[in-house]
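Structure file input33.pdb (PDB, C-alpha atoms and all ligand atoms) follows.
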```pdb
ATOM      1  CA  MET K 406      43.683  43.105  22.228
ATOM      2  CA  CYS K 407      42.474  41.385  25.432
ATOM      3  CA  CYS K 408      44.632  43.637  27.615
ATOM      4  CA  ASN K 409      45.110  46.911  25.743
ATOM      5  CA  GLY K 410      41.592  48.343  25.903
ATOM      6  CA  VAL K 411      40.358  47.108  22.520
ATOM      7  CA  LEU K 412      38.175  44.203  23.685
ATOM      8  CA  PHE K 413      37.360  45.365  27.215
ATOM      9  CA  HIS K 414      37.289  48.568  29.216
ATOM     10  CA  SER K 415      37.717  46.942  32.646
ATOM     11  CA  VAL K 416      38.420  43.654  34.421
ATOM     12  CA  LEU K 417      36.465  42.677  37.551
ATOM     13  CA  LEU K 418      38.352  40.981  40.375
ATOM     14  CA  GLN K 419      36.977  37.613  41.438
ATOM     15  CA  THR K 420      36.842  35.681  44.703
ATOM     16  CA  GLY K 421      40.388  34.612  45.457
ATOM     17  CA  ASP K 422      41.992  37.609  43.766
ATOM     18  CA  SER K 423      43.968  39.721  46.221
ATOM     19  CA  ALA K 424      43.523  43.428  45.505
ATOM     20  CA  ARG K 425      46.514  44.145  47.745
ATOM     21  CA  ALA K 426      48.794  41.693  45.935
ATOM     22  CA  LEU K 427      47.633  42.899  42.515
ATOM     23  CA  SER K 428      48.179  46.523  43.550
ATOM     24  CA  ALA K 429      51.667  45.611  44.737
ATOM     25  CA  ALA K 430      52.211  44.010  41.325
ATOM     26  CA  GLY K 431      51.376  47.318  39.646
ATOM     27  CA  LEU K 432      47.661  47.110  38.819
ATOM     28  CA  LYS K 433      45.577  50.160  39.715
ATOM     29  CA  ILE K 434      42.709  48.538  41.569
ATOM     30  CA  LYS K 435      39.538  50.595  41.910
ATOM     31  CA  ARG K 436      36.364  49.930  43.861
ATOM     32  CA  LYS K 437      32.809  50.896  42.972
ATOM     33  CA  ALA K 438      29.590  49.664  44.600
ATOM     34  CA  GLY K 439      31.565  46.986  46.457
ATOM     35  CA  GLN K 440      33.151  45.619  43.272
ATOM     36  CA  GLU K 441      36.900  45.755  42.737
ATOM     37  CA  PHE K 442      38.210  46.154  39.211
ATOM     38  CA  PHE K 443      40.944  47.683  37.106
ATOM     39  CA  LEU K 444      40.684  49.620  33.891
ATOM     40  CA  GLN K 445      42.101  48.759  30.497
ATOM     41  CA  PRO K 446      44.615  49.341  28.967
ATOM     42  CA  CYS K 447      46.149  47.250  31.734
ATOM     43  CA  ALA K 448      49.172  48.657  33.531
ATOM     44  CA  ALA K 449      50.812  45.211  33.339
ATOM     45  CA  HIS K 450      50.498  44.997  29.541
ATOM     46  CA  ARG K 451      53.946  45.450  28.026
ATOM     47  CA  GLU K 452      54.723  44.881  24.353
ATOM     48  CA  CYS K 453      51.958  42.321  23.854
ATOM     49  CA  GLN K 454      52.847  40.425  27.034
ATOM     50  CA  CYS K 455      51.616  40.286  30.609
ATOM     51  CA  ALA K 456      54.326  41.515  32.998
ATOM     52  CA  ILE K 457      52.655  39.667  35.912
ATOM     53  CA  TYR K 458      51.625  36.526  34.043
ATOM     54  CA  ASP K 459      52.178  34.113  36.964
ATOM     55  CA  ARG K 460      50.199  36.414  39.287
ATOM     56  CA  ARG K 461      47.487  37.593  36.885
ATOM     57  CA  PRO K 462      43.871  37.816  38.142
ATOM     58  CA  ALA K 463      41.319  35.027  37.750
ATOM     59  CA  ARG K 464      39.454  36.654  34.866
ATOM     60  CA  CYS K 465      42.692  36.861  32.911
ATOM     61  CA  ARG K 466      43.481  33.216  33.649
ATOM     62  CA  LEU K 467      40.036  32.037  32.551
ATOM     63  CA  PHE K 468      39.545  34.202  29.477
ATOM     64  CA  ASN K 469      40.061  32.739  26.027
ATOM     65  CA  CYS K 470      38.812  34.669  23.024
ATOM     66  CA  ARG K 471      36.518  32.998  20.497
ATOM     67  CA  GLN K 472      39.343  32.493  18.051
ATOM     68  CA  LEU K 473      41.374  30.558  20.617
ATOM     69  CA  HIS K 474      38.307  28.488  21.567
ATOM     70  CA  ARG K 475      37.697  27.617  17.927
ATOM     71  CA  VAL K 476      41.321  26.675  17.268
ATOM     72  CA  THR K 477      41.576  24.479  20.378
ATOM     73  CA  ALA K 478      38.248  22.817  19.479
ATOM     74  CA  ASP K 479      39.470  22.186  15.925
ATOM     75  CA  GLU K 480      36.625  24.299  14.569
ATOM     76  CA  THR K 481      38.975  26.615  12.755
ATOM     77  CA  ALA K 482      42.558  26.523  11.496
ATOM     78  CA  GLU K 483      45.225  28.569  13.233
ATOM     79  CA  ALA K 484      45.916  30.407   9.969
ATOM     80  CA  SER K 485      42.262  31.496   9.770
ATOM     81  CA  ALA K 486      42.374  32.720  13.349
ATOM     82  CA  LEU K 487      45.523  34.696  12.616
ATOM     83  CA  ASP K 488      43.780  36.226   9.596
ATOM     84  CA  LYS K 489      40.901  37.349  11.827
ATOM     85  CA  ILE K 490      43.352  38.865  14.306
ATOM     86  CA  ALA K 491      45.136  40.681  11.485
ATOM     87  CA  GLU K 492      41.788  41.958  10.179
ATOM     88  CA  ALA K 493      40.888  43.310  13.616
ATOM     89  CA  ARG K 494      44.298  44.909  14.090
ATOM     90  CA  ILE K 495      44.010  46.754  10.777
ATOM     91  CA  LEU K 496      40.690  48.208  11.945
ATOM     92  CA  VAL K 497      42.180  49.095  15.340
ATOM     93  CA  ASP K 498      45.054  50.913  13.621
ATOM     94  CA  ARG K 499      42.582  52.761  11.392
ATOM     95  CA  VAL K 500      40.455  53.787  14.372
ATOM     96  CA  ASN K 501      43.544  54.977  16.265
ATOM     97  CA  THR K 502      44.718  57.010  13.265
ATOM     98  CA  LEU K 503      41.316  58.664  12.889
ATOM     99  CA  ILE K 504      41.067  59.390  16.624
ATOM    100  CA  ASN K 505      44.516  61.005  16.559
ATOM    101  CA  HIS K 506      43.495  63.150  13.573
ATOM    102  CA  LEU K 507      40.433  64.402  15.398
ATOM    103  CA  ALA K 508      41.489  64.896  18.996
ATOM    104  CA  GLU K 509      43.982  64.311  21.745
ATOM    105  CA  THR K 510      42.431  61.594  23.858
ATOM    106  CA  ASN K 511      43.553  59.924  27.060
ATOM    107  CA  GLN K 512      45.751  56.975  26.035
ATOM    108  CA  ASN K 513      44.924  55.345  29.372
ATOM    109  CA  ARG K 514      41.314  54.826  28.347
ATOM    110  CA  ALA K 515      39.746  51.979  26.371
ATOM    111  CA  LEU K 516      39.552  52.403  22.615
ATOM    112  CA  ALA K 517      35.749  52.733  22.568
ATOM    113  CA  GLN K 518      35.904  55.496  25.198
ATOM    114  CA  ARG K 519      38.626  57.351  23.284
ATOM    115  CA  CYS K 520      36.546  57.018  20.124
ATOM    116  CA  ALA K 521      33.425  58.366  21.847
ATOM    117  CA  ASN K 522      35.437  61.311  23.172
ATOM    118  CA  ALA K 523      36.953  62.078  19.757
ATOM    119  CA  LEU K 524      33.490  62.040  18.159
ATOM    120  CA  THR K 525      32.251  64.770  20.485
ATOM    121  CA  THR K 526      35.209  67.157  20.523
ATOM    122  CA  SER K 527      34.300  69.344  17.533
ATOM    123  CA  ASP K 528      31.737  69.939  14.800
ATOM    124  CA  TRP K 529      30.933  66.891  12.692
ATOM    125  CA  THR K 530      33.203  66.308   9.675
ATOM    126  CA  LEU K 531      33.745  63.542   7.148
ATOM    127  CA  LEU K 532      36.488  62.209   9.430
ATOM    128  CA  HIS K 533      33.965  61.874  12.266
ATOM    129  CA  GLY K 534      31.728  59.835   9.977
ATOM    130  CA  GLU K 535      34.628  57.638   8.899
ATOM    131  CA  LEU K 536      35.663  57.082  12.522
ATOM    132  CA  GLN K 537      32.124  56.202  13.536
ATOM    133  CA  SER K 538      31.658  53.670  10.712
ATOM    134  CA  THR K 539      35.120  52.120  11.196
ATOM    135  CA  MET K 540      34.507  51.750  14.936
ATOM    136  CA  GLN K 541      31.142  50.123  14.221
ATOM    137  CA  GLU K 542      32.826  47.710  11.811
ATOM    138  CA  LEU K 543      35.445  46.884  14.461
ATOM    139  CA  GLU K 544      32.838  46.404  17.217
ATOM    140  CA  THR K 545      30.852  44.026  14.997
ATOM    141  CA  LEU K 546      33.985  41.991  14.275
ATOM    142  CA  LEU K 547      34.974  41.898  17.974
ATOM    143  CA  ALA K 548      31.475  40.809  19.018
ATOM    144  CA  LEU K 549      31.248  38.060  16.392
ATOM    145  CA  GLU K 550      34.797  36.754  16.406
ATOM    146  CA  PHE K 551      36.491  37.566  19.714
ATOM    147  CA  ARG K 552      34.298  38.275  22.717
ATOM    148  CA  PRO K 553      32.740  35.301  24.533
TER     149      PRO K 553
HETATM  150  S1  LIG K 601      46.956  41.319  34.289
HETATM  151 FE1  LIG K 601      48.057  40.537  32.494
HETATM  152  S2  LIG K 601      46.593  39.176  31.444
HETATM  153 FE2  LIG K 601      45.403  40.506  32.862
HETATM  154  S3  LIG K 601      44.737  42.284  31.622
HETATM  155 FE3  LIG K 601      46.707  42.835  32.613
HETATM  156  S4  LIG K 601      48.273  42.297  31.085
HETATM  157 FE4  LIG K 601      46.398  41.240  30.505
END
```

Output the file's structure as structure tokens, nothing else.
Amino acid sequence: MCCNGVLFHSVLLQTGDSARALSAAGLKIKRKAGQEFFLQPCAAHRECQCAIYDRRPARCRLFNCRQLHRVTADETAEASALDKIAEARILVDRVNTLINHLAETNQNRALAQRCANALTTSDWTLLHGELQSTMQELETLLALEFRP
């Protein structure tokens, strides 16, 4: 979820990151207002793994989600963390299913952006309401349990 557009919509490059080297490794580096970044889902994310793990950018190296922090600090058991991840993934699957029912969205965009697009593509229906409430439930869970 850290790399596939669920938790984040972009990753900012940091001092020491080489945009040229990361581009050569397959990341699509963009620049806006002097800041280099790449969008999520990440082009290097393959089947739940990072294809450029040894060369990944600084933000990726430094990021640990809240669940990982809590497990490494002995504040929570690994099984509880896995339960939280499973809970989030169920909501992600539900959101994806609802989005796909409502509209064709760009798979290369973050989940929240695809959701926002799906909510505006046609007249409001019960499915729109269900998507909106499920996405809100997911965002609350991500904010409380995963994002720093
Ligand atoms: S470079 Fe690797 S760790 Fe960073 S977002 Fe992409 S897949 Fe994830």

Show me, as a ChimeraX atom specification, the residues that have an atom within 12 Å of K:Ala426 when counting all atoms listed in the file, minus same-chain residues fewer than 6 positions from it. /K:418,432-434,457,460-462

Any residue with an atom at most 9 Å from ligand LIG 601 (chain K) counts, using all atoms listed in the file. Which are they? Put them as a PyMOL selection string. chain K and resi 406-410+415-416+427+432+443-451+453-466+468

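Taking all atoms listed in the file into account, K:Arg475 lies nearest to K:Leu487 out of the set K:Leu507, K:Leu487, K:Ile495, K:Leu412.
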
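For the pair atom CA of K:Pro553 and atom CA of K:Cys470, the separation is 6.3 Å.
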
What lies within 12 Å of K:Cys520 using all atoms listed in the file, ignoring chain neighbours under 4 positions off, as a PyMOL selection string? chain K and resi 410-411+497+499-512+514-516+524-526+532-541+543-544

Could you state the separation of atom CA of K:Gln472 and atom CA of K:Ala484 in Å, given to one decimal place?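 Atom CA of K:Ala484 lies at a distance of 10.6 Å from atom CA of K:Gln472.
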
Of the residues K:Ala430, K:Ala491, K:Val476, K:Leu496, which is the one nearest to K:Glu542, using only C-alpha atoms?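 Under the stated criterion, the closest residue is K:Leu496.
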
Option closest in space to K:Ile490, from K:Ala521, K:Leu531, K:Ala478, K:Leu547 [counting all atoms listed in the file]: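 Looking at the shortest contact to K:Ile490, the residue is K:Leu547.
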
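Reported to one decimal place, the separation of atom CA of K:Phe442 from atom CA of K:Arg471 is 22.9 Å.
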
Write out as a list in words each polymer residue whose atoms come within 8 Å of K:Leu473, counting all atoms listed in the file; drop sequence neighbours fewer than 4 positions from it. Asn469, Thr477 and Ala486 of chain K
